[in-house]
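Structure data follow from structure.txt (compact mmCIF, N, CA and C atoms):
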# COMPACT_ATOMS: atom_id res chain seq x y z
N MET A 175 0.84 -1.18 0.00
CA MET A 175 0.00 0.00 0.00
C MET A 175 0.89 1.24 0.00
N PRO A 176 0.64 2.22 -0.91
CA PRO A 176 1.48 3.42 -0.98
C PRO A 176 1.27 4.31 0.24
N ASP A 177 2.36 4.94 0.63
CA ASP A 177 2.24 5.84 1.78
C ASP A 177 1.67 7.19 1.34
N ASP A 178 1.47 8.09 2.30
CA ASP A 178 0.79 9.37 2.06
C ASP A 178 1.61 10.29 1.15
N THR A 179 2.94 10.29 1.28
CA THR A 179 3.76 11.18 0.45
C THR A 179 3.73 10.75 -1.02
N THR A 180 3.67 9.46 -1.27
CA THR A 180 3.59 8.98 -2.65
C THR A 180 2.28 9.40 -3.30
N VAL A 181 1.19 9.30 -2.54
CA VAL A 181 -0.12 9.69 -3.06
C VAL A 181 -0.13 11.19 -3.35
N ARG A 182 0.46 12.00 -2.46
CA ARG A 182 0.51 13.44 -2.69
C ARG A 182 1.37 13.78 -3.90
N THR A 183 2.47 13.07 -4.10
CA THR A 183 3.36 13.32 -5.23
C THR A 183 2.64 12.99 -6.54
N ILE A 184 1.94 11.89 -6.58
CA ILE A 184 1.20 11.50 -7.78
C ILE A 184 0.08 12.51 -8.05
N SER A 185 -0.58 12.95 -7.00
CA SER A 185 -1.67 13.91 -7.15
C SER A 185 -1.16 15.25 -7.66
N SER A 186 -0.04 15.74 -7.12
CA SER A 186 0.49 17.02 -7.56
C SER A 186 1.04 16.92 -8.99
N ALA A 187 1.58 15.75 -9.36
CA ALA A 187 2.06 15.57 -10.74
C ALA A 187 0.88 15.58 -11.70
N ALA A 188 -0.23 14.97 -11.30
CA ALA A 188 -1.42 14.96 -12.16
C ALA A 188 -1.96 16.38 -12.33
N GLU A 189 -1.97 17.19 -11.27
CA GLU A 189 -2.42 18.57 -11.37
C GLU A 189 -1.48 19.39 -12.24
N TYR A 190 -0.19 19.08 -12.15
CA TYR A 190 0.81 19.80 -12.94
C TYR A 190 0.60 19.55 -14.44
N PHE A 191 0.42 18.29 -14.81
CA PHE A 191 0.26 17.94 -16.21
C PHE A 191 -1.14 18.26 -16.74
N GLN A 192 -2.08 18.50 -15.85
CA GLN A 192 -3.42 18.88 -16.29
C GLN A 192 -3.38 20.23 -17.00
N GLY A 193 -2.54 21.14 -16.54
CA GLY A 193 -2.38 22.43 -17.20
C GLY A 193 -1.81 22.27 -18.60
N TYR A 194 -0.84 21.37 -18.76
CA TYR A 194 -0.27 21.13 -20.08
C TYR A 194 -1.27 20.46 -21.01
N SER A 195 -2.10 19.59 -20.47
CA SER A 195 -3.10 18.94 -21.32
C SER A 195 -4.11 19.96 -21.85
N PHE A 196 -4.44 20.95 -21.05
CA PHE A 196 -5.34 22.01 -21.51
C PHE A 196 -4.69 22.82 -22.63
N VAL A 197 -3.42 23.16 -22.48
CA VAL A 197 -2.70 23.91 -23.52
C VAL A 197 -2.63 23.07 -24.79
N GLY A 198 -2.35 21.77 -24.66
CA GLY A 198 -2.30 20.88 -25.82
C GLY A 198 -3.65 20.79 -26.52
N LEU A 199 -4.72 20.73 -25.73
CA LEU A 199 -6.07 20.67 -26.31
C LEU A 199 -6.39 21.95 -27.08
N VAL A 200 -6.02 23.09 -26.54
CA VAL A 200 -6.26 24.37 -27.22
C VAL A 200 -5.43 24.42 -28.51
N ALA A 201 -4.21 23.92 -28.48
CA ALA A 201 -3.37 23.92 -29.68
C ALA A 201 -3.98 23.02 -30.76
N VAL A 202 -4.46 21.85 -30.37
CA VAL A 202 -5.08 20.94 -31.34
C VAL A 202 -6.34 21.57 -31.93
N VAL A 203 -7.16 22.20 -31.10
CA VAL A 203 -8.37 22.85 -31.59
C VAL A 203 -8.00 23.99 -32.56
N GLY A 204 -6.95 24.73 -32.25
CA GLY A 204 -6.51 25.81 -33.14
C GLY A 204 -6.05 25.27 -34.49
N VAL A 205 -5.27 24.20 -34.48
CA VAL A 205 -4.80 23.61 -35.73
C VAL A 205 -5.97 23.07 -36.53
N LEU A 206 -6.92 22.42 -35.87
CA LEU A 206 -8.11 21.91 -36.57
C LEU A 206 -8.94 23.05 -37.15
N PHE A 207 -9.07 24.15 -36.43
CA PHE A 207 -9.83 25.29 -36.92
C PHE A 207 -9.20 25.84 -38.20
N VAL A 208 -7.88 25.99 -38.21
CA VAL A 208 -7.19 26.50 -39.39
C VAL A 208 -7.32 25.52 -40.55
N ALA A 209 -7.18 24.21 -40.28
CA ALA A 209 -7.30 23.20 -41.33
C ALA A 209 -8.70 23.19 -41.93
N VAL A 210 -9.73 23.30 -41.08
CA VAL A 210 -11.11 23.32 -41.58
C VAL A 210 -11.34 24.58 -42.41
N ALA A 211 -10.82 25.72 -41.97
CA ALA A 211 -11.00 26.98 -42.72
C ALA A 211 -10.34 26.89 -44.09
N PHE A 212 -9.12 26.38 -44.15
CA PHE A 212 -8.45 26.24 -45.45
C PHE A 212 -9.16 25.23 -46.33
N GLY A 213 -9.60 24.13 -45.75
CA GLY A 213 -10.33 23.12 -46.53
C GLY A 213 -11.63 23.66 -47.07
N ALA A 214 -12.38 24.40 -46.26
CA ALA A 214 -13.65 24.98 -46.71
C ALA A 214 -13.39 26.02 -47.80
N GLY A 215 -12.35 26.80 -47.65
CA GLY A 215 -12.04 27.78 -48.69
C GLY A 215 -11.68 27.11 -50.00
N ARG A 216 -10.96 26.02 -49.93
CA ARG A 216 -10.58 25.30 -51.15
C ARG A 216 -11.80 24.66 -51.82
N LEU A 217 -12.71 24.15 -51.02
CA LEU A 217 -13.89 23.50 -51.59
C LEU A 217 -14.93 24.48 -52.12
N LEU A 218 -15.05 25.63 -51.49
CA LEU A 218 -16.12 26.56 -51.83
C LEU A 218 -15.76 27.63 -52.85
N ARG A 219 -14.48 27.85 -53.09
CA ARG A 219 -14.11 28.92 -54.00
C ARG A 219 -14.36 28.52 -55.45
N PRO A 220 -14.71 29.47 -56.27
CA PRO A 220 -14.87 29.17 -57.70
C PRO A 220 -13.50 29.13 -58.38
N VAL A 221 -13.32 28.15 -59.25
CA VAL A 221 -12.06 28.02 -59.97
C VAL A 221 -12.37 28.24 -61.46
N VAL A 222 -12.26 29.47 -61.89
CA VAL A 222 -12.52 29.82 -63.29
C VAL A 222 -11.35 30.68 -63.77
N PRO A 223 -10.26 30.05 -64.22
CA PRO A 223 -9.13 30.86 -64.67
C PRO A 223 -9.43 31.53 -66.00
N THR A 224 -9.20 32.83 -66.05
CA THR A 224 -9.36 33.59 -67.29
C THR A 224 -8.04 34.29 -67.56
N PRO A 225 -7.81 34.74 -68.78
CA PRO A 225 -6.55 35.43 -69.06
C PRO A 225 -6.33 36.67 -68.19
N GLU A 226 -7.40 37.38 -67.86
CA GLU A 226 -7.24 38.56 -67.01
C GLU A 226 -6.79 38.18 -65.61
N LYS A 227 -7.30 37.05 -65.11
CA LYS A 227 -6.92 36.62 -63.76
C LYS A 227 -5.49 36.13 -63.70
N LEU A 228 -4.94 35.68 -64.82
CA LEU A 228 -3.58 35.15 -64.84
C LEU A 228 -2.53 36.23 -65.05
N LEU A 229 -2.93 37.49 -65.28
CA LEU A 229 -1.98 38.58 -65.43
C LEU A 229 -1.42 38.99 -64.08
N THR A 230 -0.24 39.56 -64.10
CA THR A 230 0.36 40.10 -62.88
C THR A 230 -0.40 41.36 -62.48
N TYR A 231 -0.75 41.47 -61.20
CA TYR A 231 -1.52 42.62 -60.72
C TYR A 231 -0.56 43.73 -60.31
N GLU A 232 -0.76 44.91 -60.87
CA GLU A 232 0.07 46.06 -60.52
C GLU A 232 -0.82 47.24 -60.18
N CYS A 233 -1.52 47.18 -59.11
CA CYS A 233 -2.35 48.28 -58.62
C CYS A 233 -3.39 48.73 -59.64
N GLY A 234 -3.98 47.81 -60.34
CA GLY A 234 -5.02 48.14 -61.29
C GLY A 234 -4.53 48.60 -62.63
N VAL A 235 -3.22 48.70 -62.84
CA VAL A 235 -2.65 49.14 -64.10
C VAL A 235 -2.18 47.91 -64.86
N ASP A 236 -2.41 47.87 -66.16
CA ASP A 236 -1.94 46.74 -66.96
C ASP A 236 -0.41 46.69 -66.91
N PRO A 237 0.15 45.50 -66.71
CA PRO A 237 1.61 45.40 -66.63
C PRO A 237 2.25 45.70 -67.99
N VAL A 238 3.38 46.39 -67.93
CA VAL A 238 4.11 46.77 -69.14
C VAL A 238 5.54 46.28 -68.99
N GLY A 239 6.08 45.67 -70.02
CA GLY A 239 7.47 45.26 -70.00
C GLY A 239 7.66 43.91 -69.33
N GLU A 240 8.90 43.64 -68.96
CA GLU A 240 9.24 42.37 -68.33
C GLU A 240 8.85 42.38 -66.85
N GLY A 241 8.89 41.19 -66.28
CA GLY A 241 8.54 41.07 -64.87
C GLY A 241 9.65 41.50 -63.93
N TRP A 242 10.87 41.64 -64.43
CA TRP A 242 11.99 42.03 -63.59
C TRP A 242 12.21 43.53 -63.67
N ALA A 243 12.40 44.15 -62.55
CA ALA A 243 12.67 45.58 -62.51
C ALA A 243 13.90 45.82 -61.65
N HIS A 244 14.68 46.80 -62.03
CA HIS A 244 15.87 47.14 -61.27
C HIS A 244 15.48 48.08 -60.13
N THR A 245 15.91 47.74 -58.95
CA THR A 245 15.60 48.55 -57.78
C THR A 245 16.92 49.03 -57.17
N GLN A 246 16.93 50.27 -56.77
CA GLN A 246 18.13 50.80 -56.16
C GLN A 246 18.35 50.18 -54.78
N VAL A 247 19.54 49.71 -54.54
CA VAL A 247 19.84 49.04 -53.27
C VAL A 247 19.88 50.05 -52.14
N ARG A 248 20.16 51.30 -52.44
CA ARG A 248 20.31 52.28 -51.36
C ARG A 248 19.01 52.47 -50.57
N TYR A 249 17.87 52.21 -51.17
CA TYR A 249 16.62 52.33 -50.42
C TYR A 249 16.56 51.31 -49.29
N TYR A 250 17.06 50.12 -49.57
CA TYR A 250 17.11 49.10 -48.52
C TYR A 250 18.09 49.49 -47.42
N VAL A 251 19.17 50.13 -47.81
CA VAL A 251 20.15 50.57 -46.81
C VAL A 251 19.54 51.64 -45.92
N TYR A 252 18.77 52.56 -46.51
CA TYR A 252 18.09 53.57 -45.69
C TYR A 252 17.10 52.91 -44.72
N ALA A 253 16.39 51.92 -45.20
CA ALA A 253 15.45 51.21 -44.33
C ALA A 253 16.20 50.50 -43.21
N PHE A 254 17.34 49.91 -43.54
CA PHE A 254 18.13 49.22 -42.53
C PHE A 254 18.67 50.21 -41.49
N LEU A 255 19.14 51.36 -41.95
CA LEU A 255 19.61 52.37 -41.00
C LEU A 255 18.47 52.86 -40.11
N TYR A 256 17.28 53.00 -40.67
CA TYR A 256 16.13 53.40 -39.86
C TYR A 256 15.85 52.37 -38.77
N VAL A 257 15.90 51.10 -39.13
CA VAL A 257 15.64 50.05 -38.14
C VAL A 257 16.69 50.11 -37.03
N ILE A 258 17.93 50.32 -37.40
CA ILE A 258 18.99 50.40 -36.38
C ILE A 258 18.71 51.53 -35.39
N PHE A 259 18.35 52.69 -35.89
CA PHE A 259 18.14 53.82 -34.99
C PHE A 259 16.79 53.75 -34.28
N ALA A 260 15.84 53.03 -34.84
CA ALA A 260 14.58 52.79 -34.12
C ALA A 260 14.84 51.89 -32.92
N VAL A 261 15.67 50.87 -33.11
CA VAL A 261 16.03 49.99 -31.99
C VAL A 261 16.79 50.79 -30.94
N ASP A 262 17.65 51.69 -31.38
CA ASP A 262 18.38 52.53 -30.44
C ASP A 262 17.43 53.37 -29.61
N SER A 263 16.42 53.97 -30.23
CA SER A 263 15.49 54.80 -29.47
C SER A 263 14.64 53.97 -28.53
N ILE A 264 14.30 52.75 -28.93
CA ILE A 264 13.53 51.88 -28.04
C ILE A 264 14.37 51.47 -26.84
N PHE A 265 15.67 51.31 -27.04
CA PHE A 265 16.56 50.94 -25.94
C PHE A 265 16.80 52.09 -24.98
N LEU A 266 16.66 53.32 -25.45
CA LEU A 266 16.92 54.48 -24.60
C LEU A 266 15.90 54.65 -23.48
N PHE A 267 14.63 54.32 -23.71
CA PHE A 267 13.61 54.53 -22.70
C PHE A 267 13.80 53.64 -21.47
N PRO A 268 13.99 52.31 -21.61
CA PRO A 268 14.24 51.53 -20.40
C PRO A 268 15.57 51.89 -19.75
N TRP A 269 16.53 52.29 -20.56
CA TRP A 269 17.82 52.67 -19.99
C TRP A 269 17.64 53.90 -19.10
N ALA A 270 16.83 54.85 -19.54
CA ALA A 270 16.63 56.06 -18.75
C ALA A 270 15.95 55.75 -17.42
N THR A 271 15.05 54.78 -17.40
CA THR A 271 14.39 54.45 -16.13
C THR A 271 15.34 53.72 -15.19
N VAL A 272 16.20 52.85 -15.74
CA VAL A 272 17.16 52.15 -14.89
C VAL A 272 18.24 53.11 -14.42
N PHE A 273 18.63 54.05 -15.27
CA PHE A 273 19.68 55.01 -14.92
C PHE A 273 19.27 55.85 -13.72
N ALA A 274 17.97 56.12 -13.60
CA ALA A 274 17.48 56.94 -12.49
C ALA A 274 17.41 56.16 -11.18
N ALA A 275 17.43 54.80 -11.25
CA ALA A 275 17.33 54.00 -10.03
C ALA A 275 18.64 54.10 -9.25
N PRO A 276 18.56 54.09 -7.93
CA PRO A 276 19.79 54.20 -7.13
C PRO A 276 20.66 52.95 -7.29
N GLY A 277 21.96 53.18 -7.43
CA GLY A 277 22.91 52.08 -7.52
C GLY A 277 23.20 51.59 -8.92
N PHE A 278 22.50 52.06 -9.93
CA PHE A 278 22.71 51.58 -11.29
C PHE A 278 23.30 52.64 -12.21
N GLY A 279 23.50 53.85 -11.76
CA GLY A 279 23.89 54.96 -12.62
C GLY A 279 25.17 54.73 -13.40
N GLY A 280 26.25 54.40 -12.72
CA GLY A 280 27.54 54.26 -13.39
C GLY A 280 27.59 53.10 -14.36
N VAL A 281 27.06 51.96 -13.95
CA VAL A 281 27.08 50.77 -14.80
C VAL A 281 26.25 50.98 -16.05
N THR A 282 25.05 51.51 -15.89
CA THR A 282 24.20 51.71 -17.06
C THR A 282 24.74 52.80 -17.98
N LEU A 283 25.42 53.78 -17.41
CA LEU A 283 26.02 54.82 -18.24
C LEU A 283 27.11 54.23 -19.13
N VAL A 284 27.95 53.36 -18.57
CA VAL A 284 29.01 52.71 -19.36
C VAL A 284 28.39 51.81 -20.43
N GLU A 285 27.35 51.05 -20.06
CA GLU A 285 26.69 50.18 -21.04
C GLU A 285 26.10 50.99 -22.19
N MET A 286 25.51 52.13 -21.88
CA MET A 286 24.91 52.94 -22.93
C MET A 286 25.97 53.54 -23.84
N PHE A 287 27.10 53.96 -23.29
CA PHE A 287 28.15 54.49 -24.15
C PHE A 287 28.74 53.40 -25.04
N ILE A 288 28.83 52.18 -24.56
CA ILE A 288 29.30 51.07 -25.40
C ILE A 288 28.30 50.83 -26.53
N PHE A 289 27.03 50.81 -26.21
CA PHE A 289 25.99 50.60 -27.22
C PHE A 289 26.00 51.72 -28.25
N LEU A 290 26.07 52.96 -27.79
CA LEU A 290 26.13 54.09 -28.72
C LEU A 290 27.41 54.09 -29.53
N GLY A 291 28.49 53.57 -28.97
CA GLY A 291 29.75 53.45 -29.71
C GLY A 291 29.60 52.50 -30.89
N PHE A 292 28.95 51.35 -30.67
CA PHE A 292 28.71 50.43 -31.78
C PHE A 292 27.86 51.09 -32.87
N LEU A 293 26.83 51.81 -32.46
CA LEU A 293 25.99 52.49 -33.45
C LEU A 293 26.77 53.58 -34.19
N THR A 294 27.65 54.27 -33.50
CA THR A 294 28.45 55.30 -34.13
C THR A 294 29.41 54.70 -35.15
N VAL A 295 30.01 53.57 -34.82
CA VAL A 295 30.90 52.90 -35.77
C VAL A 295 30.13 52.51 -37.03
N GLY A 296 28.92 51.98 -36.86
CA GLY A 296 28.09 51.63 -38.02
C GLY A 296 27.71 52.83 -38.84
N LEU A 297 27.36 53.93 -38.18
CA LEU A 297 27.01 55.16 -38.89
C LEU A 297 28.21 55.74 -39.63
N LEU A 298 29.37 55.73 -39.00
CA LEU A 298 30.57 56.22 -39.67
C LEU A 298 30.94 55.36 -40.87
N TYR A 299 30.76 54.06 -40.75
CA TYR A 299 31.01 53.16 -41.88
C TYR A 299 30.07 53.47 -43.03
N ALA A 300 28.79 53.66 -42.73
CA ALA A 300 27.82 53.99 -43.78
C ALA A 300 28.15 55.34 -44.41
N TRP A 301 28.58 56.31 -43.62
CA TRP A 301 28.94 57.62 -44.14
C TRP A 301 30.17 57.54 -45.02
N LYS A 302 31.18 56.73 -44.59
CA LYS A 302 32.41 56.58 -45.36
C LYS A 302 32.15 55.91 -46.71
N LYS A 303 31.21 54.97 -46.74
CA LYS A 303 30.88 54.28 -47.99
C LYS A 303 30.00 55.13 -48.91
N GLY A 304 29.54 56.28 -48.43
CA GLY A 304 28.72 57.17 -49.26
C GLY A 304 27.26 56.78 -49.31
N VAL A 305 26.82 55.96 -48.36
CA VAL A 305 25.43 55.52 -48.34
C VAL A 305 24.49 56.65 -48.00
N LEU A 306 24.94 57.58 -47.21
CA LEU A 306 24.05 58.64 -46.71
C LEU A 306 23.90 59.81 -47.70
N GLU A 307 24.56 59.73 -48.86
CA GLU A 307 24.43 60.78 -49.86
C GLU A 307 23.29 60.44 -50.81
N TRP A 308 22.37 61.36 -50.97
CA TRP A 308 21.21 61.14 -51.82
C TRP A 308 21.50 61.75 -53.19
N THR A 309 21.89 60.87 -54.13
CA THR A 309 22.19 61.37 -55.49
C THR A 309 21.47 60.57 -56.53

Written form, structure tokens:
Amino acid sequence: MPDDTTVRTISSAAEYFQGYSFVGLVAVVGVLFVAVAFGAGRLLRPVVPTPEKLLTYECGVDPVGEGWAHTQVRYYVYAFLYVIFAVDSIFLFPWATVFAAPGFGGVTLVEMFIFLGFLTVGLLYAWKKGVLEWT
């Protein structure tokens, strides 16, 4: 016959895994919901290919020329630089709150200067390569 501690251990383990079984059940229901939605969409949609439907869509304008277009790479670089400085600004707000807390001022100040140093090196590299010139 099992003693009292064994029964409690089995009971607490069952309660512990009961939470996981609920999460698993919700995940299965979610997957089934998505599968049923995709299946219903596939079965119910009309399939009538016409030449107009097979054309490339360009904002309501008939496509002209080849499908390949040359895009300037510098636009992507500007977007990348924006992302870098957006992350920097997001990092500044929590840093300012921690910097104001007692006992964290010096350490967080050094960490922020290291972080800003890395960003400065990246900005100087982009400037040296001529990325920041709009021509």

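From atom CA of A:Glu285 back to atom CA of A:Thr271, the distance works out to 13.9 Å.
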
**d(atom N of A:Ala201, atom CA of A:Leu218) in Å** =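 That distance, rounded to one decimal, is 26.3 Å.
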
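Residue nearest A:Lys303 within the list A:Glu189, A:Tyr194, A:Val251, A:Pro223: A:Val251 [criterion: smallest interatomic distance, only C-alpha atoms].
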
**Shell of 12 Å around A:Asp262, only C-alpha atoms, local chain residues under 6 positions omitted, as a count of residues only** = 12

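If you look at atom N of A:Val203 and atom N of A:Val221, they are 29.4 Å away from each other.
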